[in-house]
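Asker: I am sharing work-v6.cif, which consists of mmCIF, C-alpha atoms and all ligand atoms:
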data_structure
loop_
_atom_site.group_PDB
_atom_site.id
_atom_site.type_symbol
_atom_site.label_atom_id
_atom_site.label_comp_id
_atom_site.auth_asym_id
_atom_site.auth_seq_id
_atom_site.Cartn_x
_atom_site.Cartn_y
_atom_site.Cartn_z
ATOM 1 C CA MET A 193 -7.257 -1.760 16.017
ATOM 2 C CA SER A 194 -9.342 -0.770 12.995
ATOM 3 C CA GLU A 195 -11.031 -3.576 11.088
ATOM 4 C CA VAL A 196 -8.981 -2.855 7.972
ATOM 5 C CA LEU A 197 -5.670 -2.895 9.841
ATOM 6 C CA ASN A 198 -6.721 -6.067 11.608
ATOM 7 C CA LYS A 199 -7.498 -7.750 8.266
ATOM 8 C CA ILE A 200 -4.146 -6.686 6.845
ATOM 9 C CA GLN A 201 -2.403 -8.390 9.748
ATOM 10 C CA SER A 202 -4.542 -11.504 9.949
ATOM 11 C CA ARG A 203 -4.478 -12.438 6.237
ATOM 12 C CA ARG A 204 -2.416 -15.569 5.608
ATOM 13 C CA SER A 205 -1.621 -17.574 2.506
ATOM 14 C CA ILE A 206 -3.860 -20.624 2.386
ATOM 15 C CA ARG A 207 -2.399 -23.817 0.953
ATOM 16 C CA LYS A 208 -5.194 -26.336 1.429
ATOM 17 C CA PHE A 209 -8.621 -25.756 -0.078
ATOM 18 C CA LYS A 210 -11.993 -27.465 -0.046
ATOM 19 C CA PRO A 211 -13.326 -28.226 -3.534
ATOM 20 C CA ASP A 212 -16.452 -26.077 -2.934
ATOM 21 C CA MET A 213 -16.939 -23.335 -5.512
ATOM 22 C CA VAL A 214 -17.064 -19.684 -4.408
ATOM 23 C CA SER A 215 -20.246 -17.901 -5.473
ATOM 24 C CA LYS A 216 -20.124 -15.398 -8.333
ATOM 25 C CA GLU A 217 -21.456 -12.746 -5.985
ATOM 26 C CA ILE A 218 -18.428 -13.122 -3.702
ATOM 27 C CA LEU A 219 -15.974 -13.421 -6.609
ATOM 28 C CA ASP A 220 -17.305 -10.228 -8.132
ATOM 29 C CA GLN A 221 -16.694 -8.352 -4.877
ATOM 30 C CA ILE A 222 -13.118 -9.629 -4.725
ATOM 31 C CA ILE A 223 -12.530 -8.690 -8.375
ATOM 32 C CA GLU A 224 -14.030 -5.254 -7.787
ATOM 33 C CA ALA A 225 -11.490 -4.654 -5.009
ATOM 34 C CA GLY A 226 -8.764 -5.511 -7.518
ATOM 35 C CA LEU A 227 -10.137 -3.010 -9.995
ATOM 36 C CA TRP A 228 -9.929 -0.281 -7.354
ATOM 37 C CA ALA A 229 -6.181 -0.682 -6.830
ATOM 38 C CA ALA A 230 -4.110 2.436 -7.402
ATOM 39 C CA SER A 231 -2.090 2.494 -10.622
ATOM 40 C CA GLY A 232 0.641 4.686 -12.047
ATOM 41 C CA ARG A 233 -1.003 7.764 -13.587
ATOM 42 C CA ASN A 234 -4.288 5.968 -13.073
ATOM 43 C CA SER A 235 -3.457 3.799 -16.075
ATOM 44 C CA GLN A 236 -5.684 0.915 -14.885
ATOM 45 C CA THR A 237 -3.884 -1.377 -17.308
ATOM 46 C CA PRO A 238 -3.939 -4.607 -15.243
ATOM 47 C CA ILE A 239 -6.650 -7.067 -16.238
ATOM 48 C CA ILE A 240 -8.108 -9.961 -14.267
ATOM 49 C CA LEU A 241 -9.157 -13.335 -15.662
ATOM 50 C CA CYS A 242 -11.599 -15.146 -13.424
ATOM 51 C CA VAL A 243 -11.144 -18.882 -14.063
ATOM 52 C CA THR A 244 -13.757 -21.148 -12.516
ATOM 53 C CA ASN A 245 -13.869 -23.580 -15.455
ATOM 54 C CA LYS A 246 -12.306 -26.759 -14.058
ATOM 55 C CA GLU A 247 -10.758 -27.841 -17.326
ATOM 56 C CA VAL A 248 -8.979 -24.506 -17.830
ATOM 57 C CA ARG A 249 -8.043 -24.315 -14.136
ATOM 58 C CA ASP A 250 -6.447 -27.759 -14.344
ATOM 59 C CA LYS A 251 -4.574 -26.880 -17.548
ATOM 60 C CA LEU A 252 -3.257 -23.702 -15.938
ATOM 61 C CA SER A 253 -2.150 -25.718 -12.933
ATOM 62 C CA LYS A 254 -0.321 -28.195 -15.206
ATOM 63 C CA ALA A 255 1.419 -25.390 -17.096
ATOM 64 C CA ASN A 256 2.481 -23.829 -13.800
ATOM 65 C CA ALA A 257 3.778 -27.167 -12.480
ATOM 66 C CA GLN A 258 5.644 -27.660 -15.744
ATOM 67 C CA VAL A 259 7.499 -24.356 -15.225
ATOM 68 C CA MET A 260 8.488 -25.571 -11.758
ATOM 69 C CA GLY A 261 9.376 -29.053 -12.976
ATOM 70 C CA SER A 262 6.834 -30.554 -10.575
ATOM 71 C CA LYS A 263 3.802 -32.800 -10.834
ATOM 72 C CA ALA A 264 1.908 -31.510 -7.787
ATOM 73 C CA ASP A 265 -0.986 -29.042 -8.096
ATOM 74 C CA PRO A 266 0.605 -25.615 -7.455
ATOM 75 C CA PHE A 267 -2.894 -24.240 -6.818
ATOM 76 C CA TYR A 268 -3.346 -26.481 -3.740
ATOM 77 C CA GLY A 269 -6.764 -27.661 -4.889
ATOM 78 C CA ALA A 270 -8.267 -24.159 -5.038
ATOM 79 C CA PRO A 271 -11.294 -24.149 -7.360
ATOM 80 C CA VAL A 272 -10.857 -20.526 -8.529
ATOM 81 C CA VAL A 273 -7.879 -18.835 -10.143
ATOM 82 C CA LEU A 274 -7.810 -15.095 -10.688
ATOM 83 C CA VAL A 275 -5.018 -14.384 -13.142
ATOM 84 C CA VAL A 276 -3.694 -10.824 -13.092
ATOM 85 C CA LEU A 277 -1.937 -9.624 -16.231
ATOM 86 C CA ALA A 278 -0.667 -6.155 -17.019
ATOM 87 C CA LYS A 279 0.246 -4.317 -20.185
ATOM 88 C CA LYS A 280 3.983 -4.684 -20.674
ATOM 89 C CA SER A 281 4.287 -1.363 -22.467
ATOM 90 C CA TRP A 282 3.207 0.625 -19.407
ATOM 91 C CA PRO A 283 6.164 1.770 -17.248
ATOM 92 C CA THR A 284 4.544 0.866 -13.915
ATOM 93 C CA TYR A 285 2.808 -2.331 -15.061
ATOM 94 C CA LEU A 286 4.565 -4.592 -12.585
ATOM 95 C CA TYR A 287 3.768 -2.395 -9.599
ATOM 96 C CA ASP A 288 0.213 -1.802 -10.793
ATOM 97 C CA GLY A 289 -0.415 -5.512 -11.255
ATOM 98 C CA SER A 290 1.137 -6.420 -7.915
ATOM 99 C CA LEU A 291 -1.113 -3.947 -6.140
ATOM 100 C CA VAL A 292 -4.137 -5.545 -7.778
ATOM 101 C CA MET A 293 -2.942 -8.883 -6.397
ATOM 102 C CA GLY A 294 -2.647 -7.356 -2.920
ATOM 103 C CA ASN A 295 -6.179 -5.977 -3.076
ATOM 104 C CA LEU A 296 -7.563 -9.320 -4.262
ATOM 105 C CA MET A 297 -5.992 -11.217 -1.370
ATOM 106 C CA LEU A 298 -7.169 -8.720 1.235
ATOM 107 C CA ALA A 299 -10.696 -8.562 -0.154
ATOM 108 C CA ALA A 300 -10.863 -12.368 -0.194
ATOM 109 C CA HIS A 301 -9.809 -12.497 3.454
ATOM 110 C CA GLU A 302 -12.393 -9.869 4.385
ATOM 111 C CA LEU A 303 -15.077 -12.022 2.748
ATOM 112 C CA GLY A 304 -13.992 -15.256 4.450
ATOM 113 C CA ILE A 305 -12.267 -16.699 1.379
ATOM 114 C CA GLY A 306 -8.785 -18.178 1.531
ATOM 115 C CA SER A 307 -6.228 -17.053 -1.024
ATOM 116 C CA CYS A 308 -2.631 -17.512 -2.069
ATOM 117 C CA TRP A 309 -0.458 -15.709 -4.610
ATOM 118 C CA ILE A 310 0.909 -18.333 -6.952
ATOM 119 C CA HIS A 311 3.874 -17.297 -8.997
ATOM 120 C CA ARG A 312 5.057 -18.113 -12.557
ATOM 121 C CA ALA A 313 2.245 -16.278 -14.359
ATOM 122 C CA LYS A 314 4.921 -14.513 -16.401
ATOM 123 C CA GLU A 315 6.360 -17.788 -17.656
ATOM 124 C CA VAL A 316 2.974 -19.406 -18.282
ATOM 125 C CA PHE A 317 1.615 -16.455 -20.255
ATOM 126 C CA ASN A 318 4.804 -16.304 -22.240
ATOM 127 C CA MET A 319 3.975 -19.727 -23.660
ATOM 128 C CA GLU A 320 2.573 -19.611 -27.202
ATOM 129 C CA GLU A 321 -0.342 -21.839 -26.213
ATOM 130 C CA TRP A 322 -1.469 -19.429 -23.490
ATOM 131 C CA LYS A 323 -0.875 -16.345 -25.631
ATOM 132 C CA GLU A 324 -3.194 -17.925 -28.186
ATOM 133 C CA TRP A 325 -5.715 -18.674 -25.470
ATOM 134 C CA LEU A 326 -5.685 -15.006 -24.437
ATOM 135 C CA LYS A 327 -6.528 -14.123 -28.035
ATOM 136 C CA THR A 328 -9.595 -16.354 -27.881
ATOM 137 C CA LEU A 329 -10.771 -14.109 -25.027
ATOM 138 C CA GLY A 330 -10.196 -11.047 -27.207
ATOM 139 C CA ILE A 331 -6.981 -10.068 -25.385
ATOM 140 C CA GLU A 332 -4.686 -9.158 -28.243
ATOM 141 C CA GLU A 333 -2.182 -6.732 -26.758
ATOM 142 C CA GLU A 334 1.122 -7.659 -25.124
ATOM 143 C CA TYR A 335 0.279 -8.581 -21.549
ATOM 144 C CA GLU A 336 2.596 -10.038 -18.955
ATOM 145 C CA GLY A 337 1.399 -12.459 -16.299
ATOM 146 C CA ILE A 338 1.790 -10.876 -12.846
ATOM 147 C CA GLY A 339 0.353 -13.561 -10.586
ATOM 148 C CA HIS A 340 -2.381 -16.102 -9.923
ATOM 149 C CA CYS A 341 -4.556 -15.362 -6.938
ATOM 150 C CA VAL A 342 -6.036 -18.750 -6.116
ATOM 151 C CA LEU A 343 -9.240 -18.690 -4.124
ATOM 152 C CA GLY A 344 -11.439 -21.078 -2.213
ATOM 153 C CA TYR A 345 -12.632 -22.114 1.218
ATOM 154 C CA ALA A 346 -9.717 -22.969 3.500
ATOM 155 C CA ASP A 347 -9.543 -26.617 4.496
ATOM 156 C CA GLY A 348 -8.320 -26.734 8.106
ATOM 157 C CA GLU A 349 -7.030 -24.216 10.605
ATOM 158 C CA GLU A 350 -5.921 -20.731 9.608
ATOM 159 C CA PRO A 351 -2.113 -20.710 9.480
ATOM 160 C CA LYS A 352 -0.436 -18.983 12.440
ATOM 161 C CA GLN A 353 0.768 -15.410 12.182
ATOM 162 C CA ILE A 354 4.417 -15.130 11.232
ATOM 163 C CA ALA A 355 6.478 -12.573 13.189
ATOM 164 C CA ARG A 356 7.666 -9.580 11.196
ATOM 165 C CA ASN A 357 11.425 -9.343 10.684
ATOM 166 C CA GLU A 358 13.183 -6.714 12.761
ATOM 167 C CA GLY A 359 15.054 -3.723 11.391
ATOM 168 C CA ARG A 360 12.889 -3.079 8.349
ATOM 169 C CA VAL A 361 11.764 0.448 9.260
ATOM 170 C CA PHE A 362 14.000 3.482 9.136
ATOM 171 C CA TYR A 363 12.550 6.688 10.544
ATOM 172 C CA VAL A 364 13.744 9.903 9.035
ATOM 173 C CA GLU A 365 12.420 12.565 11.355
ATOM 174 C CA GLU A 366 12.868 16.225 11.798
ATOM 175 C CA ASP A 367 16.349 16.797 13.175
ATOM 176 C CA LEU A 368 16.228 19.312 16.010
ATOM 177 C CA ALA A 369 19.960 19.924 15.540
ATOM 178 C CA GLN A 370 19.527 20.873 11.880
ATOM 179 C CA GLU A 371 20.421 24.318 10.600
ATOM 180 C CA THR A 372 18.148 26.935 12.109
ATOM 181 C CA VAL A 373 17.178 30.466 11.189
ATOM 182 C CA VAL A 374 15.825 33.362 13.176
ATOM 183 C CA ALA A 375 12.711 35.483 12.714
ATOM 184 C CA THR A 376 11.592 38.475 14.755
ATOM 185 C CA GLY A 377 8.236 40.158 14.943
ATOM 186 C CA ARG A 378 5.096 40.729 16.971
ATOM 187 C CA ILE A 379 2.838 37.904 18.011
ATOM 188 C CA VAL A 380 -0.586 38.130 16.382
ATOM 189 C CA GLU A 381 -2.077 34.870 17.621
ATOM 190 C CA VAL A 382 -1.383 32.182 20.229
ATOM 191 C CA ASP A 383 -3.195 28.843 19.912
ATOM 192 C CA VAL A 384 -2.296 26.921 23.055
ATOM 193 C CA ASP A 385 -4.561 23.933 22.243
ATOM 194 C CA ASN A 386 -2.971 23.351 18.830
ATOM 195 C CA ARG A 387 0.498 24.261 20.105
ATOM 196 C CA ASN A 388 1.262 27.072 17.713
ATOM 197 C CA PHE A 389 1.632 30.821 17.574
ATOM 198 C CA THR A 390 1.785 33.290 14.693
ATOM 199 C CA ILE A 391 3.930 36.377 14.319
ATOM 200 C CA ASP A 392 4.011 39.253 11.900
ATOM 201 C CA SER A 393 7.606 38.986 10.847
ATOM 202 C CA ALA A 394 9.670 41.975 9.842
ATOM 203 C CA GLY A 395 12.898 40.173 9.014
ATOM 204 C CA ASP A 396 14.104 38.630 5.756
ATOM 205 C CA PHE A 397 10.756 37.003 5.460
ATOM 206 C CA SER A 398 8.116 39.665 5.936
ATOM 207 C CA GLY A 399 4.602 38.589 6.594
ATOM 208 C CA ARG A 400 2.889 36.121 8.878
ATOM 209 C CA ILE A 401 4.594 32.916 9.960
ATOM 210 C CA ARG A 402 2.991 30.213 12.076
ATOM 211 C CA PHE A 403 5.296 28.368 14.437
ATOM 212 C CA ASN A 404 4.406 24.905 15.576
ATOM 213 C CA VAL A 405 5.851 23.966 18.922
ATOM 214 C CA PRO A 406 6.530 20.233 19.227
ATOM 215 C CA GLU A 407 5.752 18.546 22.553
ATOM 216 C CA GLY A 408 8.862 18.535 24.680
ATOM 217 C CA ALA A 409 10.593 21.304 22.689
ATOM 218 C CA ASN A 410 12.783 23.644 24.684
ATOM 219 C CA VAL A 411 10.443 26.576 24.133
ATOM 220 C CA MET A 412 8.919 28.646 26.924
ATOM 221 C CA PRO A 413 5.359 27.542 27.778
ATOM 222 C CA LEU A 414 2.941 28.822 25.175
ATOM 223 C CA GLU A 415 0.743 30.181 27.968
ATOM 224 C CA LYS A 416 3.433 32.770 28.645
ATOM 225 C CA LEU A 417 3.209 34.161 25.125
ATOM 226 C CA ASP A 418 0.685 36.824 24.309
ATOM 227 C CA VAL A 419 -0.503 38.896 21.393
ATOM 228 C CA ASN A 420 1.666 41.969 20.696
ATOM 229 C CA MET A 421 4.776 40.582 22.410
ATOM 230 C CA HIS A 422 7.870 41.271 20.348
ATOM 231 C CA VAL A 423 9.725 37.980 19.994
ATOM 232 C CA LYS A 424 12.774 36.450 18.394
ATOM 233 C CA VAL A 425 12.114 32.893 17.225
ATOM 234 C CA THR A 426 14.781 30.385 16.278
ATOM 235 C CA HIS A 427 13.078 27.991 13.903
ATOM 236 C CA ALA A 428 13.602 25.215 11.361
ATOM 237 C CA ASN A 429 14.994 26.264 8.016
ATOM 238 C CA PHE A 430 12.056 24.653 6.316
ATOM 239 C CA MET A 431 8.649 26.240 5.807
ATOM 240 C CA THR A 432 5.556 24.687 4.318
ATOM 241 C CA ALA A 433 3.930 26.602 1.511
ATOM 242 C CA SER A 434 0.691 27.030 3.436
ATOM 243 C CA LEU A 435 -1.077 30.249 4.348
ATOM 244 C CA PRO A 436 0.401 31.438 6.598
ATOM 245 C CA PRO A 437 3.619 29.470 5.975
ATOM 246 C CA GLN A 438 4.419 27.138 8.869
ATOM 247 C CA THR A 439 7.582 25.931 10.471
ATOM 248 C CA THR A 440 8.813 24.529 13.771
ATOM 249 C CA ALA A 441 9.950 26.789 16.603
ATOM 250 C CA TYR A 442 12.973 25.691 18.628
ATOM 251 C CA GLU A 443 13.518 28.722 20.836
ATOM 252 C CA VAL A 444 11.506 31.841 21.655
ATOM 253 C CA GLU A 445 12.973 34.928 23.267
ATOM 254 C CA VAL A 446 10.799 37.854 24.316
ATOM 255 C CA LEU A 447 12.555 41.077 23.308
HETATM 256 C C1 LIG B 501 5.350 -12.474 -5.507
HETATM 257 C C2 LIG B 501 4.850 -13.638 -4.687
HETATM 258 C C3 LIG B 501 4.915 -14.910 -5.216
HETATM 259 C C4 LIG B 501 4.442 -15.990 -4.472
HETATM 260 N N1 LIG B 501 4.440 -17.237 -5.039
HETATM 261 C C5 LIG B 501 3.972 -18.270 -4.318
HETATM 262 C C6 LIG B 501 3.889 -19.563 -4.910
HETATM 263 O O1 LIG B 501 4.193 -19.752 -6.077
HETATM 264 N N2 LIG B 501 3.435 -20.570 -4.165
HETATM 265 C C7 LIG B 501 3.044 -20.393 -2.859
HETATM 266 O O2 LIG B 501 2.673 -21.368 -2.215
HETATM 267 N N3 LIG B 501 3.073 -19.166 -2.283
HETATM 268 C C8 LIG B 501 3.516 -18.119 -2.970
HETATM 269 N N4 LIG B 501 3.514 -16.879 -2.426
HETATM 270 C C9 LIG B 501 3.017 -16.690 -1.069
HETATM 271 C C10 LIG B 501 4.171 -16.429 -0.086
HETATM 272 O O3 LIG B 501 4.909 -17.609 0.095
HETATM 273 C C11 LIG B 501 3.571 -15.925 1.248
HETATM 274 O O4 LIG B 501 2.946 -14.690 1.008
HETATM 275 C C12 LIG B 501 4.640 -15.766 2.309
HETATM 276 O O5 LIG B 501 5.134 -17.013 2.707
HETATM 277 C C13 LIG B 501 4.099 -15.039 3.549
HETATM 278 O O6 LIG B 501 3.000 -15.727 4.091
HETATM 279 P P1 LIG B 501 1.594 -15.016 4.290
HETATM 280 O O7 LIG B 501 1.070 -14.688 2.917
HETATM 281 O O8 LIG B 501 0.752 -16.034 5.012
HETATM 282 O O9 LIG B 501 1.817 -13.778 5.108
HETATM 283 C C14 LIG B 501 3.947 -15.790 -3.156
HETATM 284 C C15 LIG B 501 3.877 -14.492 -2.656
HETATM 285 C C16 LIG B 501 4.295 -13.416 -3.409
HETATM 286 C C17 LIG B 501 4.158 -12.028 -2.858
#
Please lay out the structure from this file as structure tokens.

Answerer:
Amino acid sequence: MSEVLNKIQSRRSIRKFKPDMVSKEILDQIIEAGLWAASGRNSQTPIILCVTNKEVRDKLSKANAQVMGSKADPFYGAPVVLVVLAKKSWPTYLYDGSLVMGNLMLAAHELGIGSCWIHRAKEVFNMEEWKEWLKTLGIEEEYEGIGHCVLGYADGEEPKQIARNEGRVFYVEEDLAQETVVATGRIVEVDVDNRNFTIDSAGDFSGRIRFNVPEGANVMPLEKLDVNMHVKVTHANFMTASLPPQTTAYEVEVL
């Protein structure tokens, strides 16, 4: 499995941290990964606050606990909090901000840093006190809290992988029984290795058409086709707008 795919699967939320601070060099790499997240129309509206100041971190933790009605530290002792906020006026702000969060957590894992998404950033940054605090940082516009990505060195074993729930993927594939159409013409090229052949069609669609032949399709072996053969091809009703246009062959008859 590729390293990236492996990291995606092995990342886990960490809920017990050592007090040791993460170096600025590492934090900057994690933040950079957040900045590279895709965003709707490349808006890049989400912003990231990197809180390593213990006093502010503790106040944020208290505010978060207050929203929950709890007294425990919702940041699980993590020394760093990356707060992601996004501009409320932008239509895709929530998705954009969430993707930043995803990048931050993956980058942290790649760099050996434990992370956990901690919720309630929306509620905390809706509080007047925290809106005012944003202003002291020069953040004046209307931002909504998306999440806190808490960071630190994991204290203890990595949590075990949790099985993925079944039935969450629905494949919508080409339906071989779908409506088909017919083209006739002379073969101009046969590419056995790439499982396609091209004809010069004289029917409704005049011009070259490339037919891809899926593995296992009920089409005569491509080796039996040759340039200049006159053929009738039953094919999918859908053609890509490539040059030449391409579609899938279901049946080939030599005329
Ligand atoms: C939107 C969101 C909000 C979350 N909020 C919290 C939270 O407030 N506290 C917490 O401990 N974990 C929180 N998590 C972490 C999830 O509980 C965790 O991702 C989930 O249990 C799956 O575990 P994994 O991250 O190890 O795969 C949150 C995750 C997401 C995506």

Asker: Which is closer to ligand LIG 501 (chain B) than all the others in A:Asn295, A:Gln201, A:Asn357, A:Thr432, using all atoms listed in the file?

Answerer: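 Looking at the shortest contact to ligand LIG 501 (chain B), the residue is A:Gln201.
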
Asker: Which residue out of A:Lys323, A:Lys210, A:Lys251, A:Lys352 has the minimum interatomic distance to ligand LIG 501 (chain B) when only C-alpha atoms and all ligand atoms are used?

Answerer: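 Of A:Lys323, A:Lys210, A:Lys251, A:Lys352, the one nearest ligand LIG 501 (chain B), counting only C-alpha atoms and all ligand atoms, is A:Lys352.
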
Asker: Using all atoms listed in the file, what does the table of chain A residues within 9 Å of ligand LIG 501 (chain B) look like, with each row giving the shortest atom pair and its distance in Å to one decimal, sorted by chain and ascending number, as CSV?

Answerer:
residue,atom,partner,partner_atom,distance
A:Gln201,CA,B:LIG501,O9,8.3
A:Ser202,CA,B:LIG501,O9,8.3
A:Arg203,CA,B:LIG501,O8,6.5
A:Arg204,CA,B:LIG501,O8,3.3
A:Ser205,CA,B:LIG501,O8,3.8
A:Ile206,CA,B:LIG501,O8,7.0
A:Arg207,CA,B:LIG501,O2,6.5
A:Asn256,CA,B:LIG501,O1,8.9
A:Pro266,CA,B:LIG501,N2,6.7
A:Phe267,CA,B:LIG501,O2,7.8
A:Tyr268,CA,B:LIG501,O2,8.0
A:Ser290,CA,B:LIG501,C1,7.8
A:Met293,CA,B:LIG501,C17,8.5
A:Gly294,CA,B:LIG501,C17,8.3
A:Met297,CA,B:LIG501,O7,9.0
A:Ser307,CA,B:LIG501,O7,8.6
A:Cys308,CA,B:LIG501,C9,5.8
A:Trp309,CA,B:LIG501,C14,4.6
A:Ile310,CA,B:LIG501,O1,3.7
A:His311,CA,B:LIG501,O1,3.8
A:Arg312,CA,B:LIG501,O1,6.7
A:Ile338,CA,B:LIG501,C1,8.3
A:Gly339,CA,B:LIG501,C3,7.2
A:His340,CA,B:LIG501,O1,8.4
A:Pro351,CA,B:LIG501,O8,7.1
A:Lys352,CA,B:LIG501,O8,8.1
A:Gln353,CA,B:LIG501,O8,7.2
A:Ile354,CA,B:LIG501,O9,6.8

Asker: Give me the result of the PyMOL selection byres (((chain A and resi 335) around 9) and not hetatm) on this file, residue by residue, as a PyMOL selection string.

Answerer: chain A and resi 238-239+277-281+317-318+323+331-334+336-337

Asker: Using only C-alpha atoms, which residues sit within 10 Å of region 403-419 of chain A once same-chain residues fewer than 2 positions away are excluded, as an MDAnalysis selection string?

Answerer: chainID A and resid 368 378:391 400:401 421:423 425:428 431 436:446

Asker: Kindly indicate which residue among A:Met319, A:Asn245, A:Asn198, A:Arg233 lies nearest to Gln258 (chain A), using only C-alpha atoms for the distances.

Answerer: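 Counting only C-alpha atoms, the residue closest to Gln258 (chain A) is A:Met319.
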
Asker: How far is it from CA of Ala270 (chain A) to CA of Ala299 (chain A), in Å with one decimal?

Answerer: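 Going from CA of Ala270 (chain A) over to CA of Ala299 (chain A) covers 16.5 Å.
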
Asker: Which is closer to Glu217 (chain A) than all the others in A:Ala255, A:Leu303, A:Gly269, A:Ile200, using only C-alpha atoms?

Answerer: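 Residue with the minimum atom-to-atom distance to Glu217 (chain A): A:Leu303.
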
Asker: Smallest atom-to-atom distance to Cys341 (chain A): which of A:Leu286, A:Leu326, A:Leu219, A:Leu447, using all atoms listed in the file?

Answerer: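 That would be A:Leu219, the residue with the smallest distance to Cys341 (chain A).
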
Asker: With distances taken over all atoms listed in the file, which of A:Glu371, A:Glu315, A:Asp265, A:Glu358 is nearest to Val342 (chain A)?

Answerer: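 Closest to Val342 (chain A), using all atoms listed in the file: A:Asp265.
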
Asker: Which value, in Å to one decimal, gives the distance between CA of Leu274 (chain A) and CA of Lys314 (chain A)?

Answerer: 14.0 Å

Asker: Would you work out the distance separating CA of Asp250 (chain A) from CA of Val292 (chain A), expressed in Å to one decimal?

Answerer: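 Separation between CA of Asp250 (chain A) and CA of Val292 (chain A): 23.3 Å.
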